[in-house]
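Asker: Dropping in my_file.cif, which is mmCIF, C-alpha atoms:
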```
data_protein
loop_
_atom_site.label_atom_id
_atom_site.label_comp_id
_atom_site.auth_asym_id
_atom_site.auth_seq_id
_atom_site.Cartn_x
_atom_site.Cartn_y
_atom_site.Cartn_z
CA MET A 1 0.00 0.00 0.00
CA LYS A 2 1.26 3.48 -0.85
CA VAL A 3 0.81 5.74 2.14
CA GLU A 4 1.30 9.50 1.92
CA LEU A 5 0.95 12.26 4.45
CA LEU A 6 0.66 15.66 2.83
CA TRP A 7 1.41 18.56 5.12
CA TRP A 8 1.91 22.31 5.24
CA GLU A 9 4.13 24.06 7.74
CA GLY A 10 1.38 26.54 8.66
CA CYS A 11 -0.41 23.80 10.60
CA PRO A 12 1.28 22.24 13.61
CA SER A 13 -0.88 19.11 13.48
CA TYR A 14 0.96 16.78 11.10
CA PRO A 15 3.46 15.24 13.60
CA GLU A 16 0.55 13.98 15.70
CA THR A 17 -1.18 12.61 12.62
CA LEU A 18 2.03 10.91 11.52
CA HIS A 19 2.32 9.30 14.94
CA ASP A 20 -1.30 8.12 14.84
CA LEU A 21 -0.97 6.86 11.27
CA GLU A 22 2.21 4.90 11.92
CA ARG A 23 0.64 3.33 14.99
CA VAL A 24 -2.49 2.32 13.06
CA LEU A 25 -0.42 0.86 10.21
CA ARG A 26 1.64 -1.15 12.69
CA GLU A 27 -1.42 -2.41 14.55
CA GLU A 28 -3.12 -3.35 11.27
CA GLY A 29 -0.07 -5.23 10.06
CA VAL A 30 0.57 -2.96 7.08
CA ALA A 31 4.27 -2.85 6.31
CA ALA A 32 4.34 0.48 4.53
CA ASP A 33 6.46 3.54 5.04
CA VAL A 34 4.73 6.87 5.18
CA ASP A 35 5.89 9.24 2.45
CA LEU A 36 5.89 12.79 3.77
CA VAL A 37 4.96 15.32 1.11
CA GLU A 38 5.40 18.96 2.03
CA VAL A 39 3.08 21.33 0.19
CA GLU A 40 4.70 24.73 -0.06
CA SER A 41 2.69 26.89 -2.44
CA ASP A 42 -0.84 27.48 -3.65
CA GLU A 43 0.23 26.23 -7.07
CA GLN A 44 1.45 22.98 -5.57
CA ALA A 45 -1.74 22.73 -3.47
CA ARG A 46 -3.80 22.92 -6.65
CA SER A 47 -1.64 20.47 -8.58
CA GLU A 48 -1.62 18.01 -5.67
CA ARG A 49 -5.38 18.55 -5.11
CA PHE A 50 -4.49 19.31 -1.51
CA PRO A 51 -7.54 20.30 0.59
CA GLY A 52 -5.45 21.19 3.63
CA SER A 53 -3.02 19.91 6.20
CA PRO A 54 -2.81 17.15 7.23
CA THR A 55 -4.11 14.97 4.41
CA VAL A 56 -3.56 11.20 4.40
CA ARG A 57 -3.67 9.35 1.10
CA LEU A 58 -3.80 5.58 0.72
CA ASP A 59 -2.93 4.37 -2.77
CA GLY A 60 -3.49 7.92 -3.97
CA VAL A 61 -6.97 8.28 -2.49
CA ASP A 62 -7.82 10.68 0.33
CA ALA A 63 -8.31 8.44 3.38
CA LEU A 64 -10.92 10.81 4.80
CA PRO A 65 -12.40 12.77 1.92
CA PRO A 66 -13.91 16.09 2.95
CA SER A 67 -17.69 16.07 3.10
CA GLU A 68 -17.89 19.33 1.16
CA ALA A 69 -15.85 20.40 -1.81
CA GLU A 70 -12.84 22.17 -0.30
CA PRO A 71 -10.75 24.59 -2.32
CA PHE A 72 -7.22 23.38 -2.84
CA SER A 73 -5.03 25.76 -0.87
CA LEU A 74 -2.52 26.14 1.93
CA THR A 75 -4.84 25.75 4.87
CA CYS A 76 -5.51 23.56 7.90
CA ARG A 77 -8.13 20.87 7.55
CA ILE A 78 -10.99 20.71 9.98
CA TYR A 79 -11.72 17.20 11.20
CA ARG A 80 -14.41 15.91 13.53
CA LEU A 81 -13.65 13.34 16.15
CA ARG A 82 -16.16 10.55 16.51
CA ASP A 83 -17.87 12.33 19.39
CA GLY A 84 -18.32 15.42 17.22
CA ARG A 85 -15.55 17.57 18.63
CA ILE A 86 -13.60 19.75 16.19
CA SER A 87 -10.01 18.66 15.73
CA ALA A 88 -6.97 19.62 13.70
CA THR A 89 -6.16 15.91 13.33
CA PRO A 90 -8.25 12.95 12.14
CA ASP A 91 -9.75 10.57 14.66
CA PRO A 92 -7.31 7.62 14.82
CA GLU A 93 -10.21 5.19 14.54
CA ASP A 94 -11.26 6.83 11.27
CA LEU A 95 -7.70 6.33 10.04
CA ARG A 96 -7.91 2.69 11.10
CA ASP A 97 -11.14 2.18 9.17
CA ALA A 98 -9.59 3.77 6.09
CA VAL A 99 -6.52 1.54 6.30
CA ARG A 100 -8.74 -1.55 6.63
CA ARG A 101 -10.75 -0.52 3.59
CA ALA A 102 -7.59 0.00 1.56
CA LYS A 103 -5.99 -3.34 2.49
CA MET B 1 5.92 42.22 22.14
CA ASN B 2 7.07 40.81 25.46
CA VAL B 3 5.19 40.33 28.69
CA GLY B 4 5.33 43.63 30.58
CA ASP B 5 5.51 45.73 27.43
CA GLN B 6 3.00 48.44 26.68
CA ALA B 7 0.55 47.05 24.17
CA PRO B 8 -0.43 49.15 21.17
CA THR B 9 -3.90 50.61 21.26
CA PHE B 10 -6.03 50.37 18.14
CA SER B 11 -9.45 50.93 16.73
CA LEU B 12 -10.99 48.37 14.38
CA PRO B 13 -14.49 47.88 12.98
CA ASP B 14 -16.75 45.12 14.26
CA THR B 15 -19.25 43.25 12.10
CA ASP B 16 -21.70 46.15 12.44
CA GLY B 17 -19.08 48.73 11.47
CA GLN B 18 -18.69 50.07 15.01
CA GLU B 19 -15.12 50.78 16.11
CA HIS B 20 -13.61 49.10 19.18
CA GLY B 21 -10.27 49.03 20.94
CA PRO B 22 -8.73 48.08 24.29
CA ASP B 23 -10.62 49.51 27.26
CA GLY B 24 -9.60 48.63 30.80
CA VAL B 25 -8.50 45.06 31.36
CA THR B 26 -8.70 43.63 27.85
CA VAL B 27 -8.35 40.27 26.14
CA VAL B 28 -7.30 40.47 22.50
CA VAL B 29 -7.69 37.18 20.63
CA PHE B 30 -6.46 36.91 17.07
CA THR B 31 -8.72 34.38 15.45
CA CYS B 32 -10.44 33.48 12.19
CA ASN B 33 -13.30 31.57 10.59
CA HIS B 34 -11.70 28.46 9.18
CA CYS B 35 -8.91 27.22 11.44
CA PRO B 36 -9.64 24.03 13.42
CA TYR B 37 -7.76 25.37 16.43
CA ALA B 38 -9.67 28.64 16.41
CA LEU B 39 -12.95 26.77 15.98
CA GLY B 40 -12.09 24.23 18.65
CA TRP B 41 -11.39 26.94 21.22
CA HIS B 42 -14.15 29.28 20.07
CA GLU B 43 -16.95 28.30 22.48
CA ARG B 44 -14.55 28.35 25.44
CA LEU B 45 -13.50 31.88 24.59
CA LEU B 46 -17.11 33.01 24.18
CA GLN B 47 -17.91 31.54 27.58
CA ALA B 48 -14.93 33.30 29.15
CA ALA B 49 -16.26 36.58 27.74
CA ARG B 50 -19.66 35.86 29.29
CA ASP B 51 -18.08 34.97 32.64
CA TYR B 52 -15.76 38.01 32.82
CA ARG B 53 -18.20 40.81 32.08
CA GLN B 54 -15.84 43.37 33.64
CA VAL B 55 -13.21 42.57 31.00
CA THR B 56 -13.19 43.84 27.41
CA PHE B 57 -12.90 40.92 24.98
CA LEU B 58 -11.92 41.67 21.39
CA ALA B 59 -11.69 38.97 18.72
CA VAL B 60 -9.60 40.17 15.78
CA ASN B 61 -9.47 38.51 12.36
CA PRO B 62 -6.34 39.61 10.45
CA ASN B 63 -6.22 36.93 7.74
CA ASP B 64 -5.75 37.76 4.07
CA ALA B 65 -9.27 37.46 2.69
CA GLU B 66 -8.14 37.54 -0.92
CA ARG B 67 -6.45 34.16 -0.63
CA TYR B 68 -8.81 32.94 2.11
CA PRO B 69 -12.32 34.18 1.28
CA THR B 70 -13.82 32.40 4.28
CA ASP B 71 -12.11 35.09 6.36
CA SER B 72 -13.58 38.03 4.48
CA TYR B 73 -15.38 40.82 6.32
CA GLU B 74 -18.62 39.63 4.75
CA ALA B 75 -17.98 36.07 5.95
CA MET B 76 -17.28 37.40 9.45
CA LYS B 77 -20.57 39.29 9.44
CA GLU B 78 -22.45 36.22 8.25
CA ARG B 79 -20.86 34.04 10.92
CA VAL B 80 -21.84 36.37 13.77
CA ARG B 81 -25.30 36.78 12.28
CA SER B 82 -25.85 33.04 11.91
CA ASP B 83 -24.64 32.52 15.49
CA GLY B 84 -27.26 34.98 16.72
CA GLY B 85 -24.58 37.40 17.92
CA TRP B 86 -21.48 37.03 20.04
CA PRO B 87 -20.87 38.33 23.57
CA HIS B 88 -17.95 40.39 22.29
CA PRO B 89 -17.07 42.22 19.06
CA TYR B 90 -15.48 40.43 16.11
CA LEU B 91 -13.10 42.91 14.53
CA ARG B 92 -11.63 43.09 11.05
CA ASP B 93 -7.90 43.91 10.80
CA GLU B 94 -7.87 44.44 7.05
CA SER B 95 -4.42 46.05 6.93
CA GLN B 96 -2.98 43.45 9.33
CA GLU B 97 -1.27 46.33 11.14
CA VAL B 98 -2.69 45.37 14.53
CA ALA B 99 -1.63 41.74 14.15
CA ARG B 100 1.85 42.89 13.16
CA ALA B 101 2.02 45.37 16.06
CA TYR B 102 1.15 42.56 18.47
CA ASP B 103 3.49 40.16 16.70
CA ALA B 104 0.60 37.69 16.53
CA LYS B 105 1.58 34.29 15.19
CA THR B 106 -1.42 32.03 15.05
CA THR B 107 -5.16 31.77 15.27
CA PRO B 108 -5.86 31.76 18.08
CA ASP B 109 -3.22 33.87 19.82
CA VAL B 110 -4.38 35.32 23.14
CA PHE B 111 -3.12 38.56 24.71
CA VAL B 112 -4.24 39.76 28.16
CA LEU B 113 -3.69 43.44 28.89
CA ASP B 114 -4.05 45.08 32.28
CA ALA B 115 -5.87 48.38 32.75
CA ASP B 116 -2.67 50.23 31.81
CA PHE B 117 -2.50 48.15 28.60
CA ARG B 118 0.59 46.28 29.69
CA LEU B 119 0.84 42.75 28.36
CA ARG B 120 0.32 40.32 31.22
CA TYR B 121 -0.33 37.04 29.40
CA ARG B 122 0.29 35.80 25.91
CA GLY B 123 -0.28 32.35 24.45
CA ALA B 124 -2.91 29.65 24.11
CA PRO B 125 -6.27 29.62 25.93
CA ASP B 126 -5.42 26.25 27.49
CA SER B 127 -3.53 23.08 26.68
CA ASP B 128 -5.83 21.33 24.17
CA HIS B 129 -8.14 22.73 21.49
CA ARG B 130 -10.03 19.42 21.43
CA ASP B 131 -10.89 19.26 25.13
CA PRO B 132 -13.73 21.57 26.24
CA GLU B 133 -13.13 20.61 29.87
CA GLN B 134 -9.89 22.60 29.73
CA ASN B 135 -12.23 25.62 29.86
CA ALA B 136 -9.64 28.18 28.72
CA THR B 137 -7.98 27.72 32.08
CA TRP B 138 -4.69 29.45 31.22
CA LEU B 139 -6.60 32.53 30.11
CA ARG B 140 -8.88 32.43 33.15
CA THR B 141 -5.96 32.02 35.54
CA ALA B 142 -4.25 35.01 33.98
CA LEU B 143 -7.41 37.11 34.17
CA ASP B 144 -7.99 36.19 37.80
CA ALA B 145 -4.47 37.34 38.65
CA VAL B 146 -4.74 40.60 36.70
CA LEU B 147 -8.11 41.43 38.24
CA ALA B 148 -6.72 40.70 41.71
CA GLY B 149 -3.69 42.93 41.10
CA ALA B 150 -1.37 39.93 41.36
CA GLU B 151 1.38 38.61 39.15
CA VAL B 152 0.40 36.06 36.53
CA ALA B 153 2.14 32.85 37.58
CA GLU B 154 2.68 31.63 34.03
CA PRO B 155 2.59 34.75 31.85
CA GLN B 156 3.56 33.10 28.59
CA THR B 157 2.70 29.87 26.79
CA ASP B 158 3.27 28.92 23.20
CA PRO B 159 0.43 30.03 20.96
CA VAL B 160 -0.94 27.00 19.12
CA GLY B 161 -2.95 27.20 15.93
CA CYS B 162 -2.92 27.95 12.23
CA SER B 163 -0.38 30.48 11.05
CA ILE B 164 -1.79 33.91 10.34
CA LYS B 165 -2.36 34.33 6.62
CA TRP B 166 -0.23 37.35 5.81
CA LYS B 167 -0.69 39.28 2.59
#
```
Translate the structure of the given file into structure tokens.
Answerer:
Amino acid sequence: MKVELLWWEGCPSYPETLHDLERVLREEGVAADVDLVEVESDEQARSERFPGSPTVRLDGVDALPPSEAEPFSLTCRIYRLRDGRISATPDPEDLRDAVRRAK
Amino acid sequence: MNVGDQAPTFSLPDTDGQEHGPDGVTVVVFTCNHCPYALGWHERLLQAARDYRQVTFLAVNPNDAERYPTDSYEAMKERVRSDGGWPHPYLRDESQEVARAYDAKTTPDVFVLDADFRLRYRGAPDSDHRDPEQNATWLRTALDAVLAGAEVAEPQTDPVGCSIKWK
């Protein structure tokens, strides 16, 4: 499985997402390295179809696609934890479900 | 701007066009419409404004609305309107001069000024944008000290949030 974490330095949330993602991959028995892709410009955001930081892609597909069409730009993504709270990082259990679907 | 420094005064328009600036003990929060950190802490900051009626709370949005239209003045007005009003003004810093004068870094970035407009606390509202039970405790602790005429025990924490979108 190809695993990518796209990030932008304007959001401090990607290290936590990387930690959660690597833990989920390990627990799910997926022997894949996470490719870190830094997005540095609006042009790159558009070409990468980057809806914000952090974005996890599994085999090129957004693991947690946004519910609404998000403009591709240098921004921070808004996630919801499973109990509805707003978060700058995805719920680890949502990442786990996405990894299971992609296996 | 360092803790103990004189904070710049300013006058910025709220979502009704009325001008506001620091007045007495004041909390200035740089914030915006689209950042998960700002949104996660938003209700806690509103509640702090309701609980500290004797304190002037000013939310300031300095983000570049050309690249980030969700932070436009119109979007700010719509947000306050759809929320049924806020307990404090939501100010537009179109020129970004106020954010630069305060050396604001993130949304949110919290500044507590005493009645002489000296900076007494700067940083995050509390330790976790995802945990409502934190209740903006760092901000509240700082306000309690300032209102009691005491030193703020921890006058500075790292602001945590989305970088301000400079022009």
Asker: Using the chain letters and numbers from the file, give me the residues hit by the PyMOL selection byres ((chain B) within 6 of (chain A)), as a PyMOL selection string.
Answerer: chain B and resi 36+40+130+162-163
Asker: Evaluate the PyMOL selection byres ((chain B and resi 60-67) around 9) here and jot the selected residues down as a PyMOL selection string.
Answerer: (chain A and resi 73) or (chain B and resi 12+14+28-33+58-59+68-73+76+89-99+107+164-167)
Asker: Write out as an NGL selection string each polymer residue whose atoms come within 8 Å of Val99 (chain A), counting all atoms listed in the file; drop sequence neighbours fewer than 3 positions from it.
Answerer: :A and (24-25 or 28 or 58 or 63 or 95-96 or 102-103)
Asker: I'd like the contact shell of Val39 (chain A) - 9 Å cut-off, all atoms listed in the file, skipping same-chain residues fewer than 3 positions apart - returned as a VMD selection string.
Answerer: chain A and resid 6 to 9 42 44 to 45 48 50 53 74
Asker: Report the distance between CA of Gly84 (chain A) and CA of Gly161 (chain B) in Å, rounded to one decimal place.
Answerer: 19.4 Å
Asker: Give as a PyMOL selection string the set of residues within 9 Å of the point (-3.5, 8.8, 14.2), where distances use the file's coordinates and all atoms listed in the file.
Answerer: chain A and resi 16-24+89-96
Asker: Provide the CA of His129 (chain B) to CA of Tyr37 (chain B) distance in Å, to one decimal place.
Answerer: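 For CA of His129 (chain B) relative to CA of Tyr37 (chain B), the distance reads 5.7 Å.
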Asker: To verify the selection step, state as JSON, numbers by chain which residues the PyMOL selection byres ((chain B and resi 135) around 9) yields on this input.
Answerer: {"B": [41, 44, 45, 47, 48, 125, 126, 131, 132, 133, 134, 136, 137, 138, 139, 140]}
Asker: What's the 7 Å shell around Ala124 (chain B), counting all atoms listed in the file, without same-chain residues fewer than 2 positions away, as an MDAnalysis selection string?
Answerer: chainID B and resid 109:110 126 157:160
Asker: Given 8 Å on each side, where is the centre and what are the edge lengths in Å to one decimal of the axis-aligned box enclosing the listed atoms of region 132-138 of chain B, as lines of an AutoDock Vina configuration file?
Answerer:
```
center_x = -9.2
center_y = 25.0
center_z = 29.2
size_x = 25.0
size_y = 24.8
size_z = 21.8
```
Asker: Give me, please, the distance in Å between CA of His42 (chain B) and CA of Gly85 (chain B), quoted to one decimal.
Answerer: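 Computing it gives 13.4 Å between the two atoms.
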Asker: For Ala32 (chain A), which of A:Val56, A:Val3, A:Ala98, A:Leu64 is the closest residue, counting all atoms listed in the file?
Answerer: A:Val3
Asker: Go through B:Ala115, B:Leu143, B:Ala75, B:Val55 one by one, measure the shortest atom-to-atom distance of each to His34 (chain B) using all atoms listed in the file, and give the residue with the smallest value.
Answerer: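 Answer, going by the shortest atom-to-atom distance: B:Ala75.
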Asker: Between B:Ala49, B:Ala150, B:Val27, B:Ala142, which residue has the minimum interatomic distance to Phe117 (chain B), considering only C-alpha atoms?
Answerer: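 Among the listed residues, the smallest separation from Phe117 (chain B) belongs to B:Val27.
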Asker: Quick one: residues within 8 Å of Lys2 (chain A), all atoms listed in the file counted, chain neighbours fewer than 5 positions away excluded, as a list in words?
Answerer: Ala32, Asp33, Val34, Arg57, Leu58, Asp59 and Gly60 of chain A
